[in-house]
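A.B. asks: This structure is in structure tokens; I'll ask about it shortly.
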Amino acid sequence: MDGALASADCRVIRHARGETCVPNNPQRVVVLGALDYALSLGIRPIGSDWLSAQDVHLSDMLDGIEDVGGNDAPNIEKILTLKPDFIIGADYVSVNYGALSKIAPTVLIAYEHSGQWKEFFMSFAEALGETTAAEQVMNDYQARAEEFKAQMGNRAAEIDVSIVRVYPSHVNLYLKDSFCGTVVADAGLARPPAQDLTAAEASTLFDNPIQYTVSREKMPDADGDAIFLWTYGFQDDVAQQAQSQKEKLVADPVWSTLSAVQNGQVYEVPSYWIGDGPIAANAVLDDLFKYLVEPS
């Protein structure tokens, strides 16, 4: 167990890499791969590896947070210079846990795919002693989802929502156990049959629990009553390649045969649709209100 604090000064948290005695009320927190979760709890970390992602929904909340490296590979030396008293993140981050735990008590929480964001959030909050605050955040989120359903009425269950992500070289469909898929489900919306697959079903079929690549011949699987579409790419060159691929997609005659395209029900959205965390989830709900609720 890492951390050398007396038991009166810390709480033992079990996590993906073992047990850690987490200090009560840490003041200098470094967050790895989970920035949305910290900010949603009102915690402003001193460092994060997620600043280069340039997530538009977090952009006005980043003042004073030091960049400790990107692409889920934080810089140990940079973290050391920040003198954190607690390090917390997701266990998918490519990092030397032993090295981190020598800098400060470190908790890395299990994270297999983005659809587990709610469970991850509660484990994240527990490690920080913020369970009550996290429950309030989730209650507020759920209340907004219920308000969406109330405003939609019977229309919600009748609308098949397709979720399409354009990569530099291919097009993927996002499934119901993805992050955005869970938000769409919470809002009471249906999915097209080709996208109405659980993580277990998708893992068996595609070796990926939340998305799969759709060929040009199978592009009708991307159809729905509404299509939410975005491109992928944190680095500028990758983003540009994805943008070019999207332009190629929308110019393809096969794309123009989709009913959502013909009905003008294709909505381009920001990358927080692939994000995770309550702030991103509320941003997705914002888009659902914006594009699907009929004007009163």
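Labeling convention for the structure tokens: chains A, B, ... as they appear, residues from 1 per chain, ligands from 1 in order of appearance.
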Looking only at the backbone, which of the residues in range 119-259 of chain A does DSSP tag as strand (DSSP E), as a ChimeraX atom specification?

C.D. replies: /A:161-166,171-174,211-213,226-231

A.B. asks: For the selection just defined, write its residues with N, CA and C atoms to a file, as a compact mmCIF listing (two decimals), in the first residue's frame.

C.D. replies:
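Okay, this is what ended up in result_35.txt:
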# COMPACT_ATOMS: atom_id res chain seq x y z
N VAL A 161 -32.10 7.32 -32.75
CA VAL A 161 -30.94 8.21 -32.82
C VAL A 161 -29.71 7.43 -33.24
N SER A 162 -29.13 7.82 -34.37
CA SER A 162 -27.89 7.22 -34.86
C SER A 162 -26.72 8.09 -34.44
N ILE A 163 -25.62 7.45 -34.02
CA ILE A 163 -24.43 8.18 -33.58
C ILE A 163 -23.25 7.74 -34.43
N VAL A 164 -22.68 8.68 -35.18
CA VAL A 164 -21.67 8.39 -36.18
C VAL A 164 -20.41 9.21 -35.90
N ARG A 165 -19.28 8.52 -35.88
CA ARG A 165 -17.99 9.19 -35.66
C ARG A 165 -17.10 8.95 -36.87
N VAL A 166 -16.52 10.02 -37.40
CA VAL A 166 -15.67 9.94 -38.57
C VAL A 166 -14.20 10.03 -38.14
N VAL A 171 -15.32 5.14 -40.88
CA VAL A 171 -16.50 5.67 -40.20
C VAL A 171 -16.99 4.62 -39.20
N ASN A 172 -17.24 5.04 -37.97
CA ASN A 172 -17.69 4.13 -36.93
C ASN A 172 -19.09 4.50 -36.44
N LEU A 173 -19.81 3.50 -35.99
CA LEU A 173 -21.09 3.69 -35.33
C LEU A 173 -20.92 3.44 -33.84
N TYR A 174 -21.49 4.31 -33.02
CA TYR A 174 -21.39 4.17 -31.57
C TYR A 174 -22.63 3.47 -31.03
N GLN A 211 -18.17 0.50 -30.15
CA GLN A 211 -18.24 1.04 -31.51
C GLN A 211 -17.76 -0.01 -32.50
N TYR A 212 -18.15 0.19 -33.76
CA TYR A 212 -17.61 -0.66 -34.81
C TYR A 212 -17.57 0.12 -36.12
N THR A 213 -16.68 -0.33 -37.01
CA THR A 213 -16.51 0.32 -38.30
C THR A 213 -17.55 -0.16 -39.28
N ALA A 226 -32.68 10.62 -36.66
CA ALA A 226 -31.72 11.72 -36.50
C ALA A 226 -30.33 11.12 -36.42
N ILE A 227 -29.36 11.78 -37.04
CA ILE A 227 -27.96 11.35 -36.98
C ILE A 227 -27.15 12.43 -36.29
N PHE A 228 -26.41 12.04 -35.25
CA PHE A 228 -25.45 12.94 -34.61
C PHE A 228 -24.06 12.52 -35.07
N LEU A 229 -23.34 13.48 -35.63
CA LEU A 229 -22.10 13.20 -36.36
C LEU A 229 -20.97 14.08 -35.85
N TRP A 230 -19.80 13.48 -35.67
CA TRP A 230 -18.63 14.30 -35.35
C TRP A 230 -17.37 13.65 -35.89
N THR A 231 -16.31 14.45 -35.97
CA THR A 231 -15.03 13.95 -36.46
C THR A 231 -14.08 13.75 -35.28

A.B. asks: List every residue of range 176-219 of chain A that has an atom at most 10 Å from any atom of range 105-119 of chain A, giving for each one its closest atom pair and the distance in Å to one decimal, counting only C-alpha atoms, sorted by chain and then by ascending residue number, as a Markdown table.

C.D. replies:
| residue | atom | partner | partner_atom | distance |
| --- | --- | --- | --- | --- |
| A:Lys176 | CA | A:Gly115 | CA | 8.2 |
| A:Asp177 | CA | A:Gly115 | CA | 5.0 |
| A:Ser178 | CA | A:Gly115 | CA | 4.4 |
| A:Phe179 | CA | A:Gly115 | CA | 4.3 |
| A:Cys180 | CA | A:Gly115 | CA | 7.8 |
| A:Gly181 | CA | A:Gly115 | CA | 7.6 |
| A:Thr182 | CA | A:Gly115 | CA | 6.4 |
| A:Val183 | CA | A:Gly115 | CA | 9.2 |
| A:Ala199 | CA | A:Gly115 | CA | 8.4 |
| A:Asn208 | CA | A:His113 | CA | 9.2 |
| A:Pro209 | CA | A:His113 | CA | 7.2 |
| A:Ile210 | CA | A:His113 | CA | 7.3 |

A.B. asks: Hey, can you spit out that residue selection with C-alpha atoms as a compact mmCIF listing (two decimals), in the first residue's frame?

C.D. replies:
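So out.txt came out as:
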# COMPACT_ATOMS: atom_id res chain seq x y z
CA LYS A 176 -25.77 1.89 -26.65
CA ASP A 177 -23.16 1.12 -23.97
CA SER A 178 -20.84 3.89 -25.17
CA PHE A 179 -20.73 7.13 -23.18
CA CYS A 180 -22.97 9.00 -25.59
CA GLY A 181 -25.16 5.92 -25.96
CA THR A 182 -25.91 5.89 -22.24
CA VAL A 183 -26.86 9.58 -22.29
CA ALA A 199 -21.10 -3.96 -24.67
CA ASN A 208 -14.92 -3.56 -29.19
CA PRO A 209 -17.63 -2.90 -26.58
CA ILE A 210 -18.78 0.52 -27.75

A.B. asks: Write out as a PyMOL selection string the set of residues from range 63-240 of chain A that DSSP, computed on the backbone, places in helix (DSSP H, G or I).

C.D. replies: chain A and resi 76-82+97-103+114-127+131-152+155-158+179-186+193-195+199-206+219-222+236-240

A.B. asks: Keeping only C-alpha atoms, write those residues as a PDB file, in the first residue's frame.

C.D. replies:
ATOM      1  CA  ILE A  76       6.518  11.964 -14.313  1.00  0.00           C
ATOM      2  CA  GLU A  77       9.128  14.703 -13.897  1.00  0.00           C
ATOM      3  CA  LYS A  78       6.543  17.424 -14.492  1.00  0.00           C
ATOM      4  CA  ILE A  79       4.224  15.886 -11.904  1.00  0.00           C
ATOM      5  CA  LEU A  80       7.100  15.714  -9.417  1.00  0.00           C
ATOM      6  CA  THR A  81       7.784  19.448  -9.777  1.00  0.00           C
ATOM      7  CA  LEU A  82       4.149  20.237  -8.881  1.00  0.00           C
ATOM      8  CA  TYR A  97       2.261   3.517 -11.047  1.00  0.00           C
ATOM      9  CA  GLY A  98       5.214   2.762  -8.813  1.00  0.00           C
ATOM     10  CA  ALA A  99       6.914   6.014  -9.792  1.00  0.00           C
ATOM     11  CA  LEU A 100       3.732   7.999  -9.219  1.00  0.00           C
ATOM     12  CA  SER A 101       3.079   6.479  -5.816  1.00  0.00           C
ATOM     13  CA  LYS A 102       6.550   7.565  -4.680  1.00  0.00           C
ATOM     14  CA  ILE A 103       5.600  11.163  -5.487  1.00  0.00           C
ATOM     15  CA  SER A 114     -16.688   4.970 -21.680  1.00  0.00           C
ATOM     16  CA  GLY A 115     -20.098   3.519 -20.889  1.00  0.00           C
ATOM     17  CA  GLN A 116     -18.884   2.903 -17.331  1.00  0.00           C
ATOM     18  CA  TRP A 117     -18.630   6.642 -16.656  1.00  0.00           C
ATOM     19  CA  LYS A 118     -21.239   6.691 -13.889  1.00  0.00           C
ATOM     20  CA  GLU A 119     -19.584   3.898 -11.911  1.00  0.00           C
ATOM     21  CA  PHE A 120     -16.187   5.494 -12.475  1.00  0.00           C
ATOM     22  CA  PHE A 121     -17.487   8.849 -11.243  1.00  0.00           C
ATOM     23  CA  MET A 122     -18.744   7.412  -7.972  1.00  0.00           C
ATOM     24  CA  SER A 123     -15.451   5.579  -7.351  1.00  0.00           C
ATOM     25  CA  PHE A 124     -13.568   8.778  -8.218  1.00  0.00           C
ATOM     26  CA  ALA A 125     -15.696  10.792  -5.816  1.00  0.00           C
ATOM     27  CA  GLU A 126     -15.332   8.201  -3.049  1.00  0.00           C
ATOM     28  CA  ALA A 127     -11.546   8.400  -3.285  1.00  0.00           C
ATOM     29  CA  THR A 131     -19.614  11.004  -2.539  1.00  0.00           C
ATOM     30  CA  THR A 132     -22.432  13.314  -1.411  1.00  0.00           C
ATOM     31  CA  ALA A 133     -21.452  15.946  -3.956  1.00  0.00           C
ATOM     32  CA  ALA A 134     -21.253  13.318  -6.713  1.00  0.00           C
ATOM     33  CA  GLU A 135     -24.710  12.025  -5.867  1.00  0.00           C
ATOM     34  CA  GLN A 136     -26.069  15.554  -6.200  1.00  0.00           C
ATOM     35  CA  VAL A 137     -24.338  15.990  -9.561  1.00  0.00           C
ATOM     36  CA  MET A 138     -25.906  12.770 -10.832  1.00  0.00           C
ATOM     37  CA  ASN A 139     -29.334  13.648  -9.422  1.00  0.00           C
ATOM     38  CA  ASP A 140     -29.182  16.964 -11.266  1.00  0.00           C
ATOM     39  CA  TYR A 141     -28.157  15.201 -14.467  1.00  0.00           C
ATOM     40  CA  GLN A 142     -30.963  12.671 -14.163  1.00  0.00           C
ATOM     41  CA  ALA A 143     -33.473  15.455 -13.508  1.00  0.00           C
ATOM     42  CA  ARG A 144     -32.416  17.113 -16.774  1.00  0.00           C
ATOM     43  CA  ALA A 145     -32.839  13.806 -18.629  1.00  0.00           C
ATOM     44  CA  GLU A 146     -36.326  13.490 -17.132  1.00  0.00           C
ATOM     45  CA  GLU A 147     -37.129  17.056 -18.198  1.00  0.00           C
ATOM     46  CA  PHE A 148     -36.072  16.175 -21.744  1.00  0.00           C
ATOM     47  CA  LYS A 149     -38.381  13.153 -21.723  1.00  0.00           C
ATOM     48  CA  ALA A 150     -41.224  15.285 -20.385  1.00  0.00           C
ATOM     49  CA  GLN A 151     -40.777  17.850 -23.142  1.00  0.00           C
ATOM     50  CA  MET A 152     -40.528  15.171 -25.820  1.00  0.00           C
ATOM     51  CA  ARG A 155     -41.959  11.299 -29.421  1.00  0.00           C
ATOM     52  CA  ALA A 156     -38.851  10.236 -27.501  1.00  0.00           C
ATOM     53  CA  ALA A 157     -39.344   6.480 -27.791  1.00  0.00           C
ATOM     54  CA  GLU A 158     -40.331   6.851 -31.445  1.00  0.00           C
ATOM     55  CA  PHE A 179     -20.726   7.126 -23.175  1.00  0.00           C
ATOM     56  CA  CYS A 180     -22.974   9.004 -25.591  1.00  0.00           C
ATOM     57  CA  GLY A 181     -25.161   5.917 -25.962  1.00  0.00           C
ATOM     58  CA  THR A 182     -25.905   5.893 -22.240  1.00  0.00           C
ATOM     59  CA  VAL A 183     -26.861   9.577 -22.291  1.00  0.00           C
ATOM     60  CA  VAL A 184     -29.168   9.024 -25.265  1.00  0.00           C
ATOM     61  CA  ALA A 185     -30.730   6.095 -23.395  1.00  0.00           C
ATOM     62  CA  ASP A 186     -31.154   8.168 -20.224  1.00  0.00           C
ATOM     63  CA  PRO A 193     -31.283  -1.917 -34.664  1.00  0.00           C
ATOM     64  CA  ALA A 194     -27.703  -2.010 -36.003  1.00  0.00           C
ATOM     65  CA  GLN A 195     -26.576   0.213 -33.107  1.00  0.00           C
ATOM     66  CA  ALA A 199     -21.095  -3.960 -24.671  1.00  0.00           C
ATOM     67  CA  ALA A 200     -21.067  -7.746 -24.352  1.00  0.00           C
ATOM     68  CA  GLU A 201     -22.726  -8.245 -27.735  1.00  0.00           C
ATOM     69  CA  ALA A 202     -20.432  -5.739 -29.433  1.00  0.00           C
ATOM     70  CA  SER A 203     -17.328  -7.255 -27.853  1.00  0.00           C
ATOM     71  CA  THR A 204     -18.288 -10.650 -29.245  1.00  0.00           C
ATOM     72  CA  LEU A 205     -19.091  -9.325 -32.710  1.00  0.00           C
ATOM     73  CA  PHE A 206     -16.466  -6.624 -33.149  1.00  0.00           C
ATOM     74  CA  MET A 219     -23.798   2.600 -44.616  1.00  0.00           C
ATOM     75  CA  PRO A 220     -27.606   2.202 -44.266  1.00  0.00           C
ATOM     76  CA  ASP A 221     -26.797   0.937 -40.742  1.00  0.00           C
ATOM     77  CA  ALA A 222     -25.875   4.556 -39.965  1.00  0.00           C
ATOM     78  CA  ASP A 236      -4.324  19.224 -35.875  1.00  0.00           C
ATOM     79  CA  ASP A 237      -3.130  16.957 -38.674  1.00  0.00           C
ATOM     80  CA  VAL A 238      -5.329  14.066 -37.528  1.00  0.00           C
ATOM     81  CA  ALA A 239      -8.294  16.399 -37.133  1.00  0.00           C
ATOM     82  CA  GLN A 240      -7.808  17.675 -40.670  1.00  0.00           C
TER      83      GLN A 240
END

A.B. asks: Work out how far apart CA of Gly69 in chain A and CA of Asp49 in chain A are and give it in Å to one decimal.

C.D. replies: 4.9 Å

A.B. asks: Just to confirm, what's the straight-line distance from CA of Leu51 in chain A to CA of Arg11 in chain A in Å (one decimal)?

C.D. replies: 29.0 Å

A.B. asks: Which residue out of A:Ser169, A:Val31, A:Val284, A:Ala190 has the minimum interatomic distance to Lys248 in chain A when only C-alpha atoms are used?

C.D. replies: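 Closest to Lys248 in chain A, using only C-alpha atoms: A:Ser169.
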
A.B. asks: Using only C-alpha atoms, pick whichever of A:His57, A:Lys290, A:Arg216, A:Lys83 has the shortest atom-to-atom distance to Pro26 in chain A.

C.D. replies: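 The shortest atom-to-atom distance to Pro26 in chain A comes from A:Lys83.
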
A.B. asks: If you count only C-alpha atoms, which residues fall within 10 Å of Tyr272 in chain A, apart from same-chain ones fewer than 2 positions away, as a list in words?

C.D. replies: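 Here the answer would be Asp55, Val56, His57, Leu58, Phe179, Cys180, Trp230, Val269, Pro270, Ile274, Gly275, Asp276, Gly277, Ile279, Ala280, Ala281, Asn282, Ala283 and Val284 of chain A.
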
A.B. asks: Could you tell me how far CA of Gly33 in chain A sits from CA of Asp67 in chain A, in Å to one decimal place?

C.D. replies: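 Going from CA of Asp67 in chain A over to CA of Gly33 in chain A, I get 12.0 Å.
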
A.B. asks: Within 7 Å of Leu35 in chain A, counting only C-alpha atoms, which residues show up once you throw out same-chain ones fewer than 3 positions away? Write them as a list in words, please.

C.D. replies: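 What passes the distance filter is Val31, Leu32, Ala38, Leu39, Ser48 and Trp50 of chain A.
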
A.B. asks: Can I get the selected residues back with N, CA and C atoms, as a compact mmCIF listing (two decimals), in the first residue's frame?

C.D. replies:
# COMPACT_ATOMS: atom_id res chain seq x y z
N VAL A 31 -4.74 15.19 -11.64
CA VAL A 31 -5.76 14.31 -12.22
C VAL A 31 -5.29 13.82 -13.58
N LEU A 32 -5.34 12.50 -13.77
CA LEU A 32 -4.89 11.88 -15.01
C LEU A 32 -6.06 11.19 -15.70
N ALA A 38 -13.30 15.63 -12.00
CA ALA A 38 -12.82 16.53 -10.95
C ALA A 38 -13.52 17.87 -11.02
N LEU A 39 -13.59 18.45 -12.21
CA LEU A 39 -14.21 19.76 -12.35
C LEU A 39 -15.69 19.72 -12.02
N SER A 48 -2.99 18.30 -14.89
CA SER A 48 -3.78 17.33 -15.63
C SER A 48 -3.07 16.97 -16.93
N TRP A 50 -4.86 16.25 -19.58
CA TRP A 50 -5.96 16.31 -20.54
C TRP A 50 -6.13 17.69 -21.16

A.B. asks: Which of these, A:Glu130, A:Glu19, A:Asp85, A:Asp60, has the shortest distance to Pro45 in chain A once you count only C-alpha atoms?

C.D. replies: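 Counting only C-alpha atoms, the residue closest to Pro45 in chain A is A:Asp85.
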
A.B. asks: From the options A:His170, A:Gly188, A:Ile46, A:Thr257, which residue's atoms come nearest to Val214 in chain A, counting only C-alpha atoms?

C.D. replies: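 Of A:His170, A:Gly188, A:Ile46, A:Thr257, the one nearest Val214 in chain A, counting only C-alpha atoms, is A:His170.
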
A.B. asks: Pick from A:Gly18, A:Pro74, A:Gly129, A:Pro23: nearest to Ala104 in chain A, with only C-alpha atoms counted?

C.D. replies: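 Smallest distance to Ala104 in chain A is found for A:Pro23.
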